[in-house]
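K.L.:
Below you'll find the structure I mean.
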2 protein chains.
Amino acid sequence: MRFNVDRWRGYGQGAFHDDLVAAFVVSVLLIPQSLAYALLAGLPPQAGLYASLLPLVAYAALGSSPAMGVGPVAVIALMVAQAIGDAPAGTTPHAAALVLAAEAGLMLALAGWLRLDALAALLSVPVLHGFETGAALSILLSQLPVLAGASAHGSNLPQVLQSWIGTQTPWVPLTALYGGVALAALWLSRRHAMRLLARWLSPRRAALLARLAPLVVLMLAMAVAAATNAGARGVELVGALPELAWGAVLPPLDPALWRAMLPSAALIALVTFVSSLVVAESLARRQGVRISPRRELAGLAAANLAAAVSAGMPVAGSFTRSVVNLDAGARTRMAGVFTAVLMGVAMWLLAEPLAVLPTAVLAATIIVAILAMFDWRPFGAAWRYDRVEGLLMAVVAALTLLAGVAWALGVGVAASIALLLRRTARPHVALIGRVPDTEHYRNVGRHDVQLIPGVVGMRIDESLLFVNARQLSDVVLQQLGRYPDTRRVVLLMSPVNRIDFSGLVALHALHDALAARDVRLDLSEVKGPVLDALHGGGWTRWFTGRVYLSHHQAMEDPRGSPDLR
Amino acid sequence: MRFNVDRWRGYGQGAFHDDLVAAFVVSVLLIPQSLAYALLAGLPPQAGLYASLLPLVAYAALGSSPAMGVGPVAVIALMVAQAIGDAPAGTTPHAAALVLAAEAGLMLALAGWLRLDALAALLSVPVLHGFETGAALSILLSQLPVLAGASAHGSNLPQVLQSWIGTQTPWVPLTALYGGVALAALWLSRRHAMRLLARWLSPRRAALLARLAPLVVLMLAMAVAAATNAGARGVELVGALPELAWGAVLPPLDPALWRAMLPSAALIALVTFVSSLVVAESLARRQGVRISPRRELAGLAAANLAAAVSAGMPVAGSFTRSVVNLDAGARTRMAGVFTAVLMGVAMWLLAEPLAVLPTAVLAATIIVAILAMFDWRPFGAAWRYDRVEGLLMAVVAALTLLAGVAWALGVGVAASIALLLRRTARPHVALIGRVPDTEHYRNVGRHDVQLIPGVVGMRIDESLLFVNARQLSDVVLQQLGRYPDTRRVVLLMSPVNRIDFSGLVALHALHDALAARDVRLDLSEVKGPVLDALHGGGWTRWFTGRVYLSHHQAMEDPRGSPDLR
């Protein structure tokens, strides 16, 4: 594990060239995005740039995904913006963001150490997609005032509306012009540049060149703004970046601040891990490789800790930049290292020109990136598959937009668990009979099957767990009411994946209730691990029935086949 | 439903006689217990007596269990004692208890109306038994100072110890003598009275007469205390019961008090419902009848609301008195009504003599009732069956004793759910092959089975849910690594009881990942409800494999049997 030197021995010139080209393409996207996400989070722009240097190297050292593009991402920036509101008075936003990165990094490291990668499972697809859609809508909303030059701000719908309605300057025409033109240029170049370029160039070169469009837009905006002295005309600019002084900006060791940031940091760590894991898995399926959730935890932990000690901001895996990285030909995690180097060079070259970049152009960058994130199809698919899950997805999206990230995720996770418990508590029960000419037994209500008088075959489609155990006797005795001359009940146990202690107690009670009616309880197709557990609990002391390998053996000849106990 | 007049038309003299005898026996037990549990809850003694009148009639009208003995119970009395500590300053304990009864009654009624009887499933066997054992220990502890005449009190271990160590009078010899003699008499009569009496009487009469022992002990204690003027010698007595004045004691409509009692009332409602349901179900199994959880909710709601408006205290079904009721021959819920009438008569006859009853004798009554409640065997059984569940039972018992009821139940429910999620998240996976000479397929690792080259049969022992969905592709592709020349994967779906939306997305991803490797994914033995759901989600748009009725058909002849889609 860790940084394996042997892995890199075969790193030849071909991979070097491919990784370098991919790194260049990713950097073009990362420069405006890192600045924009820092501003979205309410931080000074250089926080985004710094978060695009060391964290990328740290992830390359410990992470497992070959193509993942780590750095500032939109959804985490939104979470940082909301979390900063909880910081004690007198703390700068950047100090709070550094504490968030440090805490999220430490939690990710702890989760990796304790092998808690399974916690990612808490975010179901409806919750995650609803959250990401709601976050994208919130980000879009938060950027509209910036695009128009309004002095409004906020990170969810009520905040933005309230702030925009109450502001003195609802828009600045010249700023809005910069924002609108940049938005149109970025949007059109994204949709049409490749097709236009492909008339003169090979498809591969056209695709690469089209990806440079954001850089061209940025350069043009800076040139025009500098030539026309836009700042003096009321257009808000990024402003001069301060000198590189990493050592001076470390997360302050203020216990009150660390305590205040802790809940938000936990949510940021969870979303960082799950959203990055989804990206890494989707890339891995495309590349035919496997990734390790524990190494992802390690890589993301290292990246966030690196961001915390290098004046950055919380980072995660970016879906957009990862896909661009892979499409541009990235082969190994060295592409991430090259991206970091190129970002360093860019910061050195661009430090001065960036000062005259209008923030409305950065807002346009975010909006174009966000518009590509929207995917409404899962809402329809979830609704068609299961009304309740579709509703959950919509509710989580609405809560994210209206009440904020913490509420949305809290309600989403709690509702997912409640739904699982509720469904486990109400198992489907089927009386089963033999499908003619086979040894297969199915639901009497759905298939044309044969029954044996005096013997009831039943299937309860759930593990025997505390949430449903109490109903076991009731459900079986209800069936016996319909067949009063029953002498044997055979439970088909293939749907029973586990029996917990409450389930064992319920099975014992059912056994005794049937015995009191002179009915024998037999079991068939009990799975190995379940039978092991029953033996461990000493069930032979009370269980008087028989256990059959297959339901067919149980039904055919109760004495002709061996008892598996 | 409700009070069904026709049911009672057949109520003849035989049932009348049996119910009356049972009611008499139960009353003998209920008089000291109702006084004792009121004192245990920190309430005036008559609160227990009043809670043994109207609530019994209310339960008889709406409940469903023929033999359940409703009234004050030890565990609920302990919960009331702890809850009263949260009441705002200036509230009398009895006012707080009446609000608790009213709130618990309203919640039970609401739960019945919203069909939330499934919430009972939240208390697993380990949590419920751990809680009841811890509560019994706490009650025992709280009664020891009363038995010895110490002026110490408390409802959990730290409180009792602290109070006893700090008290000026750690014991009063004469009080301790009353307590000790009563304890010995009650204990010996419980163990030996029936055997002694059986020498001269028929077993049935001996059993009935033995049950009168508590009344004899009570009478003797009162006579001795009155004759020796025990009160003047420092023995604490029950004291004069105030005049019957129900109308004057109603739950006060103080919003702050209602708010403060709400969380405790919710726990009391949950424990009332679950513990009474367990009693009712255990009686029902013995009698061969069925009870209705929703009617139990209605009956318990009515009983608690009746207690709230008649100067009582929260009530529930008592296991001890229910068993006594059944053993004494109770046939219908009229036994409960007769018990209430007899209690009214007893209150009128005994109001004066009860004033001289030493409280130490009541403490002895509680201790004997509690000692019968202890059952340590489930601790061993749970530990042997599953270390984690055994540990949970012990932790819940310890928390009840050391930290109080709310903590114990909160931690217990949360841990049960976490355990369920954790196990669902890590399904058992088996490669399966054919058991020779059958159509049955089992785990390659456990059985001597036959495989078919190029076809992998697999069984994943869990429903496809959000907690495990993300691992699906990984688990299947890992098996493919061992059999690289695989052309078909057949998933045996009999353990899959549900597929939620996250599971559907994972199945889609697995299908596409296999298709990219030119491997076909087929399914066998998909259950009806699961197949219905897949069709509802429109899976035919992407699923290219086949669905087989039985795994055997799938393995034997991929083209010879019909596709069930």
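Every chain in the structure tokens has a letter given in the order shown (A, B, ...), and although residue numbers restart at 1 in each chain, ligands are simply numbered from 1 in the order shown.
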Neighbouring residues of Arg423 in chain B were defined as those with any atom within 10 Å, considering only C-alpha atoms; residues of the same chain fewer than 4 positions away were excluded. Please report them as a list of chain:residue names.
P.N.:
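Returned residues: A:Arg498, B:Ala418, B:Leu419, B:Pro427, B:His428, B:Glu462, B:Val467, B:Asn468.
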K.L.:
What's around Pro72 in chain B at 10 Å? Count only C-alpha atoms, leave out sequence neighbours fewer than 5 positions away in its own chain, and write the answer as a list in words.
P.N.:
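Once the adjacent positions are removed, what remains is Leu30, Gln33, Ser34, Leu35, Ala36, Tyr37, Ala38, Ala41, Ala47, Gly48, Leu49, Tyr50, Ala51, Ser52, Pro55, Ala77, Ala307, Gly312, Met313, Pro314, Val315, Ala316, Gly317 and Ser318 of chain B.
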K.L.:
Give me, as number ranges by chain, all polymer residues having an atom no more than 8 Å from Ala81 in chain A, counting only C-alpha atoms and skipping those fewer than 6 positions away in the same chain.
P.N.:
A: 40-42, 155
K.L.:
Residues of chain A near chain B: apply a cut-off of 7 Å, count only C-alpha atoms, and supply the list as a list in words.
P.N.:
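Selected residues: Ala121, Leu122, Ser124, Val125, Arg285, Ala381, Ala382, Arg384, Tyr385, Glu439, His440, Asp461, Glu462, Phe466, Val467, Asn468, Ser494, Pro495, Val496, Asn497, Phe501, Ser502, Ala513, Ala533, Gly536, Gly537 and Ser550 of chain A.
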K.L.:
By how many Å are CA of Met107 in chain B and CA of Arg295 in chain B apart?
P.N.:
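Here the two named atoms are 14.1 Å from each other.
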K.L.:
I'd like the neighbourhood of range 186-193 of chain A as a PyMOL selection string, where a residue qualifies if any of its atoms comes within 10 Å (using only C-alpha atoms), though same-chain residues fewer than 3 positions away should be ignored.
P.N.:
chain A and resi 180-183+196-198+206-207+209-218+361+364-365+367-369+371-372
K.L.:
Write out the residues from the selection above, keeping C-alpha atoms, as a PDB file, in the first residue's frame.
P.N.:
```pdb
ATOM      1  CA  GLY A 180     -23.398  38.013 -19.615  1.00  0.00           C
ATOM      2  CA  VAL A 181     -20.819  38.028 -22.418  1.00  0.00           C
ATOM      3  CA  ALA A 182     -18.533  35.635 -20.512  1.00  0.00           C
ATOM      4  CA  LEU A 183     -21.464  33.321 -19.791  1.00  0.00           C
ATOM      5  CA  LEU A 196     -16.182  24.100 -35.342  1.00  0.00           C
ATOM      6  CA  LEU A 197     -12.542  23.192 -34.734  1.00  0.00           C
ATOM      7  CA  ALA A 198     -13.101  19.673 -36.026  1.00  0.00           C
ATOM      8  CA  ALA A 206     -10.049  19.725 -31.777  1.00  0.00           C
ATOM      9  CA  ALA A 207     -11.231  18.338 -28.436  1.00  0.00           C
ATOM     10  CA  LEU A 209      -8.049  22.880 -28.236  1.00  0.00           C
ATOM     11  CA  ALA A 210     -11.751  23.368 -27.406  1.00  0.00           C
ATOM     12  CA  ARG A 211     -10.900  22.780 -23.779  1.00  0.00           C
ATOM     13  CA  LEU A 212      -8.644  25.853 -23.832  1.00  0.00           C
ATOM     14  CA  ALA A 213     -11.695  28.094 -24.450  1.00  0.00           C
ATOM     15  CA  PRO A 214     -12.115  29.022 -20.764  1.00  0.00           C
ATOM     16  CA  LEU A 215      -8.514  30.290 -20.715  1.00  0.00           C
ATOM     17  CA  VAL A 216      -9.139  32.392 -23.827  1.00  0.00           C
ATOM     18  CA  VAL A 217     -12.299  33.886 -22.299  1.00  0.00           C
ATOM     19  CA  LEU A 218     -10.415  34.679 -19.106  1.00  0.00           C
ATOM     20  CA  VAL A 361     -16.540  36.426 -15.225  1.00  0.00           C
ATOM     21  CA  ALA A 364     -20.018  32.849 -15.279  1.00  0.00           C
ATOM     22  CA  THR A 365     -17.401  30.077 -14.954  1.00  0.00           C
ATOM     23  CA  ILE A 367     -22.627  28.804 -13.643  1.00  0.00           C
ATOM     24  CA  VAL A 368     -21.436  26.994 -16.771  1.00  0.00           C
ATOM     25  CA  ALA A 369     -19.789  24.264 -14.670  1.00  0.00           C
ATOM     26  CA  LEU A 371     -25.345  23.779 -15.525  1.00  0.00           C
ATOM     27  CA  ALA A 372     -23.473  20.697 -16.728  1.00  0.00           C
TER      28      ALA A 372
END
```
K.L.:
I need the residues of range 78-220 of chain B that end up classed as helix (DSSP H, G or I) by DSSP on the backbone, written out as a PyMOL selection string.
P.N.:
chain B and resi 78-84+93-113+117-122+125-148+157-166+173-197+203-210+213-220
K.L.:
Output C-alpha atoms for every residue in the selection just made, as a CSV table (one decimal), in the first residue's frame.
P.N.:
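Writing the result to again-v5.csv gives the following:
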```csv
chain,number,residue,atom,x,y,z
B,78,LEU,CA,-39.6,4.0,38.3
B,79,MET,CA,-39.9,5.9,35.0
B,80,VAL,CA,-42.4,8.3,36.7
B,81,ALA,CA,-40.0,8.8,39.6
B,82,GLN,CA,-37.2,9.8,37.2
B,83,ALA,CA,-39.4,12.0,35.0
B,84,ILE,CA,-40.7,14.0,38.0
B,93,PRO,CA,-45.1,15.3,42.0
B,94,HIS,CA,-48.7,14.2,41.6
B,95,ALA,CA,-49.5,17.0,39.2
B,96,ALA,CA,-46.5,15.9,37.1
B,97,ALA,CA,-47.6,12.3,37.2
B,98,LEU,CA,-51.1,13.2,36.0
B,99,VAL,CA,-49.6,15.2,33.1
B,100,LEU,CA,-47.4,12.1,32.3
B,101,ALA,CA,-50.5,9.9,32.3
B,102,ALA,CA,-52.5,12.3,30.1
B,103,GLU,CA,-49.6,12.7,27.6
B,104,ALA,CA,-48.8,9.0,27.5
B,105,GLY,CA,-52.5,8.3,27.0
B,106,LEU,CA,-52.8,10.8,24.2
B,107,MET,CA,-49.7,9.5,22.5
B,108,LEU,CA,-50.9,5.9,22.7
B,109,ALA,CA,-54.3,7.0,21.2
B,110,LEU,CA,-52.5,8.9,18.4
B,111,ALA,CA,-50.3,5.9,17.7
B,112,GLY,CA,-53.4,3.7,17.5
B,113,TRP,CA,-55.1,6.2,15.1
B,117,ASP,CA,-48.3,-0.2,16.4
B,118,ALA,CA,-45.2,-1.3,14.4
B,119,LEU,CA,-43.1,1.2,16.5
B,120,ALA,CA,-43.2,-1.5,19.2
B,121,ALA,CA,-40.6,-3.3,17.0
B,122,LEU,CA,-38.0,-0.7,17.9
B,125,VAL,CA,-35.5,-8.5,22.9
B,126,PRO,CA,-32.0,-7.6,24.1
B,127,VAL,CA,-32.9,-4.0,24.7
B,128,LEU,CA,-36.3,-4.8,26.4
B,129,HIS,CA,-34.9,-7.5,28.6
B,130,GLY,CA,-31.8,-5.6,29.5
B,131,PHE,CA,-34.0,-2.6,30.4
B,132,GLU,CA,-36.4,-4.6,32.5
B,133,THR,CA,-33.6,-6.2,34.4
B,134,GLY,CA,-31.8,-2.9,35.0
B,135,ALA,CA,-35.1,-1.4,36.1
B,136,ALA,CA,-35.8,-4.3,38.5
B,137,LEU,CA,-32.3,-3.8,40.0
B,138,SER,CA,-32.9,0.0,40.4
B,139,ILE,CA,-36.3,-0.6,42.1
B,140,LEU,CA,-34.8,-3.2,44.4
B,141,LEU,CA,-32.1,-0.7,45.3
B,142,SER,CA,-34.6,2.2,45.8
B,143,GLN,CA,-36.6,0.0,48.3
B,144,LEU,CA,-33.6,-1.1,50.5
B,145,PRO,CA,-33.5,2.2,52.4
B,146,VAL,CA,-37.3,2.2,52.9
B,147,LEU,CA,-37.0,-1.4,54.2
B,148,ALA,CA,-34.3,-0.3,56.7
B,157,LEU,CA,-27.6,3.4,41.9
B,158,PRO,CA,-25.6,6.6,42.1
B,159,GLN,CA,-28.5,8.5,43.6
B,160,VAL,CA,-29.3,5.8,46.2
B,161,LEU,CA,-25.7,5.4,47.3
B,162,GLN,CA,-25.0,9.1,47.5
B,163,SER,CA,-28.2,9.7,49.5
B,164,TRP,CA,-27.7,6.7,51.8
B,165,ILE,CA,-24.1,7.6,52.6
B,166,GLY,CA,-25.0,11.2,53.3
B,173,PRO,CA,-34.0,-0.9,64.0
B,174,LEU,CA,-37.7,-1.2,64.6
B,175,THR,CA,-38.6,-0.3,61.0
B,176,ALA,CA,-36.0,-2.7,59.7
B,177,LEU,CA,-37.6,-5.4,62.0
B,178,TYR,CA,-41.0,-4.8,60.4
B,179,GLY,CA,-39.5,-4.8,56.9
B,180,GLY,CA,-37.4,-7.9,57.6
B,181,VAL,CA,-40.2,-10.0,59.1
B,182,ALA,CA,-42.6,-9.0,56.3
B,183,LEU,CA,-40.1,-9.8,53.7
B,184,ALA,CA,-39.4,-13.2,55.2
B,185,ALA,CA,-43.1,-14.0,55.6
B,186,LEU,CA,-44.0,-12.9,52.1
B,187,TRP,CA,-41.0,-14.8,50.6
B,188,LEU,CA,-41.7,-18.0,52.6
B,189,SER,CA,-45.4,-17.9,51.9
B,190,ARG,CA,-44.8,-17.5,48.2
B,191,ARG,CA,-42.4,-20.5,48.2
B,192,HIS,CA,-44.0,-22.9,50.7
B,193,ALA,CA,-47.6,-21.8,51.6
B,194,MET,CA,-49.2,-23.7,48.7
B,195,ARG,CA,-47.3,-26.9,49.5
B,196,LEU,CA,-48.2,-26.8,53.2
B,197,LEU,CA,-51.9,-26.0,52.5
B,203,PRO,CA,-54.6,-28.3,45.1
B,204,ARG,CA,-56.9,-25.7,43.5
B,205,ARG,CA,-58.2,-24.4,46.9
B,206,ALA,CA,-54.6,-24.5,48.3
B,207,ALA,CA,-53.4,-22.4,45.4
B,208,LEU,CA,-56.2,-19.9,45.9
B,209,LEU,CA,-55.7,-19.7,49.6
B,210,ALA,CA,-51.9,-19.3,49.3
B,213,ALA,CA,-50.9,-14.6,52.1
B,214,PRO,CA,-50.0,-11.0,51.2
B,215,LEU,CA,-53.3,-9.9,52.7
B,216,VAL,CA,-52.7,-11.8,55.9
B,217,VAL,CA,-49.2,-10.3,56.2
B,218,LEU,CA,-50.6,-6.8,55.6
B,219,MET,CA,-53.4,-7.3,58.2
B,220,LEU,CA,-51.0,-8.7,60.8
```
K.L.:
Would you mind listing what lies within 7 Å of range 332-337 of chain B as a VMD selection string, with only C-alpha atoms counted and same-chain residues fewer than 6 positions away left out?
P.N.:
chain B and resid 19 to 20 22 to 23 56 to 57 60 66 to 67 69
K.L.:
Could you jot down the CA of Thr540 in chain A to CA of Val489 in chain A separation for me, Å, one decimal place?
P.N.:
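Separation of CA of Thr540 in chain A and CA of Val489 in chain A: 18.0 Å.
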K.L.:
Rank nothing, just name the residue among A:Pro255, A:Gly481, A:Pro263, A:Gly412 nearest to Val289 in chain B, using only C-alpha atoms.
P.N.:
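Closest residue, counting only C-alpha atoms: A:Gly481.
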K.L.:
In Å, rounded to a single decimal, give me how far CA of Val235 in chain A is from CA of Thr167 in chain A.
P.N.:
16.7 Å
